[in-house]
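Visitor: Handing you a structure now.
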Amino acid sequence: MLILGAGYLGAALAELALSEGHSVTLADNWYAVKRDQLAPLESRGAAVETADIRDAGDLGRLLDQPPDRLHLLAAQSSRPISERDPEYTEQTNLVGVRRVAEAAAAAGVPSLVYASSLNVYGPAPRGEVGAEHPYGPQGDLAHLSKVYGELCLAMYAQQGGFALVNLRLGIVYGPSPVEHTDPGRQTVVDKFRRMAKAGEPLPLDDGGKATIGVVHVEDAARALLEAPSHPAVTAANVAAESVTVADVAALARGEEPSGDPACTFETPFEYRHRLADYLAR
């Protein structure tokens with residue numbers, strides 16, 4: 001398999017795939033990851049390549065021998081960075097995704113898995129939220145680009161004949177072979193865990209009312225690896241639990257959460273990890 005994006009989640013996916021006997025190639029442009037962070041995976045047999053999804057030549061080289069499955073995880077997913085560097089965000093998340101779609105279709109890749117986001121539903125979905133739920137309004141380029149990515153890939157999948165699975169990931173947390181050393185890149189779960197252990201106050205915008213889906217990185221990696229491939233375009237949510245940000249803060253402080261999320265993200269996957277167990281450690 002080919003994994004485009006060798007960061008936090010891509011490395012966890014590679015680790016799982018290697019442990020189950022898959023041949024793995026990881027590719028990254030080293031914008032947010034250092035090449036030497038992949039050394040342990042490389043020593044276990046993963047091939048590691050330097051490539052940029054914005055570069056058609058790089059993609060052509062990687063797909064010269066098409067993989068059985070391509071995982072597109074490469075993205076600029078940070079809202080603050082999207083505001084600070086909209087050009088890179090758009091080039092990576094829009095142009096890059098289109099070029100991956102073109103290259104996959106041209107090379108005859110049979111199956112592509114796209115790491116999308118629950119944010120495609122907008123900031124405040126209500127009730128039961130399944131994969132058929134409509135897209136919602138967006139507030140930044142990083143999350144807006146996930147809507148484009150899904151639709152762009154779907155168009156090329158239908159025209160080019162490859163199977164596409166759009167996996168809408170919740171907030172991913174937990175240890176991975178590649179960790180973000182920049183606190184600004186940590187998601188709310190790991191950020192609150194770190195701050196609570198240091199005795200720092202936990203910031204809650206609007207009282208922490210926002211509902212999020214959360215999933216441990218090992219469970220997210222397994223969903224990516226085991227996502228069923230149908231000869232069509234499909235989508236699924238990847239969220240073990242639906243909680244409020246205030247609930248995350250309460251658990252990080254060792255308190256009882258209120259347990260009153262505004263919505264529940266429906267998901268077809270089974271999950272091994274629970275948020276309360278992780279934050280209690």
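Letters for chains follow the order of the structure tokens (A, B, ...), residue numbers begin at 1 for each chain, and ligand numbers begin at 1 in the order shown.
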Please provide as a PDB file with C-alpha atoms, in the first residue's frame all residues within 9 Å of Glu256 in chain A, with the sequence filter that same-chain residues fewer than 4 positions apart are discarded (counting only C-alpha atoms).
Guide:
```
ATOM      1  CA  ASP A 247     -16.445  16.770  28.835  1.00  0.00           C
ATOM      2  CA  ALA A 250     -13.602  17.381  32.923  1.00  0.00           C
ATOM      3  CA  LEU A 251     -12.067  13.982  32.188  1.00  0.00           C
TER       4      LEU A 251
END
```
Visitor: Quick one: residues within 12 Å of Trp30 in chain A, only C-alpha atoms, excluding same-chain residues fewer than 4 positions away - as a list in words?
Guide: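 Surrounding residues, per the criterion: Leu4, Gly5, Ala6, Gly7, Leu26, Lys34, Arg35, Asp36, Gln37, Leu38, Val48, Glu49, Thr50, Ala51, Asp52, Ile53, Ala74, Ala75 and Gln76 of chain A.
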Visitor: Kindly assemble as a Markdown table a list of the range 229-277 of chain A residues that lie within 6 Å of range 117-139 of chain A, each paired with its nearest atom pair and their distance in Å to one decimal, using only C-alpha atoms, sorted first by chain and then by ascending residue number.
Guide:
```
| residue | atom | partner | partner_atom | distance |
| --- | --- | --- | --- | --- |
| A:Ala235 | CA | A:Ala131 | CA | 5.9 |
| A:Ala236 | CA | A:Ala131 | CA | 5.4 |
| A:Ala262 | CA | A:Arg126 | CA | 5.5 |
| A:Cys263 | CA | A:Gly127 | CA | 4.4 |
| A:Thr264 | CA | A:Glu128 | CA | 5.1 |
| A:Phe265 | CA | A:Val129 | CA | 4.8 |
| A:Glu266 | CA | A:Gly130 | CA | 5.0 |
```
Visitor: With N, CA and C atoms retained, export the selected residues as a PDB file, in the first residue's frame.
Guide:
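So the final result, stored in part.pdb, reads:
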```pdb
ATOM      1  N   ALA A 235     -18.781   6.675   2.094  1.00  0.00           N
ATOM      2  CA  ALA A 235     -18.283   7.527   3.175  1.00  0.00           C
ATOM      3  C   ALA A 235     -18.683   6.914   4.503  1.00  0.00           C
ATOM      4  N   ALA A 236     -17.887   7.188   5.533  1.00  0.00           N
ATOM      5  CA  ALA A 236     -18.192   6.691   6.878  1.00  0.00           C
ATOM      6  C   ALA A 236     -17.534   7.592   7.910  1.00  0.00           C
ATOM      7  N   ALA A 262     -24.509  17.496  21.729  1.00  0.00           N
ATOM      8  CA  ALA A 262     -25.630  17.930  20.891  1.00  0.00           C
ATOM      9  C   ALA A 262     -25.919  16.947  19.770  1.00  0.00           C
ATOM     10  N   CYS A 263     -24.954  16.080  19.465  1.00  0.00           N
ATOM     11  CA  CYS A 263     -25.163  15.111  18.389  1.00  0.00           C
ATOM     12  C   CYS A 263     -24.376  13.850  18.683  1.00  0.00           C
ATOM     13  N   THR A 264     -24.690  12.814  17.929  1.00  0.00           N
ATOM     14  CA  THR A 264     -23.958  11.552  17.995  1.00  0.00           C
ATOM     15  C   THR A 264     -23.547  11.170  16.585  1.00  0.00           C
ATOM     16  N   PHE A 265     -22.263  10.932  16.402  1.00  0.00           N
ATOM     17  CA  PHE A 265     -21.764  10.566  15.081  1.00  0.00           C
ATOM     18  C   PHE A 265     -21.891   9.057  14.899  1.00  0.00           C
ATOM     19  N   GLU A 266     -22.747   8.651  13.973  1.00  0.00           N
ATOM     20  CA  GLU A 266     -22.940   7.230  13.695  1.00  0.00           C
ATOM     21  C   GLU A 266     -21.714   6.682  12.969  1.00  0.00           C
TER      22      GLU A 266
END
```
Visitor: I need the residue nearest Arg253 in chain A from this list: A:Tyr8, A:Asp140, A:Ala198, A:Asp64. Use only C-alpha atoms for the distance.
Guide: A:Ala198
Visitor: I want to know what sits within 9 Å of Leu141 in chain A, based on only C-alpha atoms, with residues of the same chain fewer than 6 positions away left out; could you give that as an mmCIF file with N, CA and C atoms, in the first residue's frame?
Guide:
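The result, stored in out-v2.cif:
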```cif
data_model
loop_
_atom_site.group_PDB
_atom_site.id
_atom_site.type_symbol
_atom_site.label_atom_id
_atom_site.label_comp_id
_atom_site.auth_asym_id
_atom_site.auth_seq_id
_atom_site.Cartn_x
_atom_site.Cartn_y
_atom_site.Cartn_z
ATOM 1 N N SER A 77 -3.790 20.540 7.779
ATOM 2 C CA SER A 77 -5.060 20.427 8.494
ATOM 3 C C SER A 77 -5.211 21.401 9.657
ATOM 4 N N ARG A 79 -6.021 24.834 11.434
ATOM 5 C CA ARG A 79 -6.731 26.096 11.193
ATOM 6 C C ARG A 79 -5.811 27.300 11.347
ATOM 7 N N SER A 82 -3.695 27.585 8.338
ATOM 8 C CA SER A 82 -4.478 27.971 7.153
ATOM 9 C C SER A 82 -4.713 29.474 7.115
ATOM 10 N N GLU A 83 -4.804 30.087 8.280
ATOM 11 C CA GLU A 83 -4.973 31.545 8.341
ATOM 12 C C GLU A 83 -3.655 32.272 8.113
ATOM 13 N N PRO A 86 -2.462 30.732 3.823
ATOM 14 C CA PRO A 86 -3.547 30.191 2.998
ATOM 15 C C PRO A 86 -3.064 29.635 1.667
ATOM 16 N N THR A 89 -1.900 26.090 2.159
ATOM 17 C CA THR A 89 -3.080 25.282 2.478
ATOM 18 C C THR A 89 -3.871 24.954 1.218
ATOM 19 N N GLU A 90 -4.135 25.958 0.402
ATOM 20 C CA GLU A 90 -4.910 25.733 -0.825
ATOM 21 C C GLU A 90 -4.136 24.877 -1.814
ATOM 22 N N ASN A 93 -4.157 21.219 -0.196
ATOM 23 C CA ASN A 93 -5.450 20.579 0.047
ATOM 24 C C ASN A 93 -6.388 20.622 -1.152
#
```
Visitor: May I have the residues within 9 Å of Val100 in chain A as a list in words, using only C-alpha atoms and disregarding those fewer than 4 positions away in the same chain?
Guide: Ile53, Arg54, Ala56, Leu59, Leu72, Val95, Gly96, Ala104, Ala105 and Leu153 of chain A
Visitor: I'd like to know which residues of range 33-231 of chain A are strand (DSSP E or B) (by DSSP, run on the backbone); could you write them as a PyMOL selection string?
Guide: chain A and resi 47-50+70-72+111-117+127-129+163-169+171-173+211-216
Visitor: Once DSSP has gone over the backbone, tell me which residues of range 131-266 of chain A are in helix (DSSP H, G or I), as a ChimeraX atom specification.
Guide: /A:141-160,183-185,188-197,205-208,217-226,245-252
Visitor: For Ala239 in chain A, list every protein, DNA or RNA residue within 6 Å, evaluated using only C-alpha atoms, and leave out those in the same chain fewer than 5 positions away; present the list as a PyMOL selection string.
Guide: chain A and resi 170+213-215
Visitor: How about saving the chosen residues, all heavy atoms kept, as a PDB file, in the first residue's frame?
Guide:
```
ATOM      1  N   GLY A 170     -12.841  11.906  13.398  1.00  0.00           N
ATOM      2  CA  GLY A 170     -12.988  12.816  14.517  1.00  0.00           C
ATOM      3  C   GLY A 170     -11.628  13.282  14.999  1.00  0.00           C
ATOM      4  O   GLY A 170     -10.601  13.077  14.341  1.00  0.00           O
ATOM      5  N   GLY A 213     -16.382  14.542  17.814  1.00  0.00           N
ATOM      6  CA  GLY A 213     -16.164  13.105  17.819  1.00  0.00           C
ATOM      7  C   GLY A 213     -14.698  12.852  18.092  1.00  0.00           C
ATOM      8  O   GLY A 213     -13.831  13.600  17.618  1.00  0.00           O
ATOM      9  N   VAL A 214     -14.386  11.827  18.867  1.00  0.00           N
ATOM     10  CA  VAL A 214     -12.993  11.531  19.200  1.00  0.00           C
ATOM     11  C   VAL A 214     -12.688  10.067  18.900  1.00  0.00           C
ATOM     12  O   VAL A 214     -13.567   9.199  18.971  1.00  0.00           O
ATOM     13  CB  VAL A 214     -12.683  11.836  20.686  1.00  0.00           C
ATOM     14  CG1 VAL A 214     -12.836  13.327  20.963  1.00  0.00           C
ATOM     15  CG2 VAL A 214     -13.583  11.033  21.626  1.00  0.00           C
ATOM     16  N   VAL A 215     -11.424   9.800  18.568  1.00  0.00           N
ATOM     17  CA  VAL A 215     -11.013   8.436  18.267  1.00  0.00           C
ATOM     18  C   VAL A 215      -9.523   8.290  18.559  1.00  0.00           C
ATOM     19  O   VAL A 215      -8.726   9.166  18.233  1.00  0.00           O
ATOM     20  CB  VAL A 215     -11.335   8.071  16.796  1.00  0.00           C
ATOM     21  CG1 VAL A 215     -10.622   8.996  15.811  1.00  0.00           C
ATOM     22  CG2 VAL A 215     -10.986   6.624  16.503  1.00  0.00           C
TER      23      VAL A 215
END
```
Visitor: Using Å and a single decimal, report how far CA of Ser116 in chain A sits from CA of Leu167 in chain A.
Guide: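 One can read the CA of Leu167 in chain A to CA of Ser116 in chain A distance as 5.4 Å.
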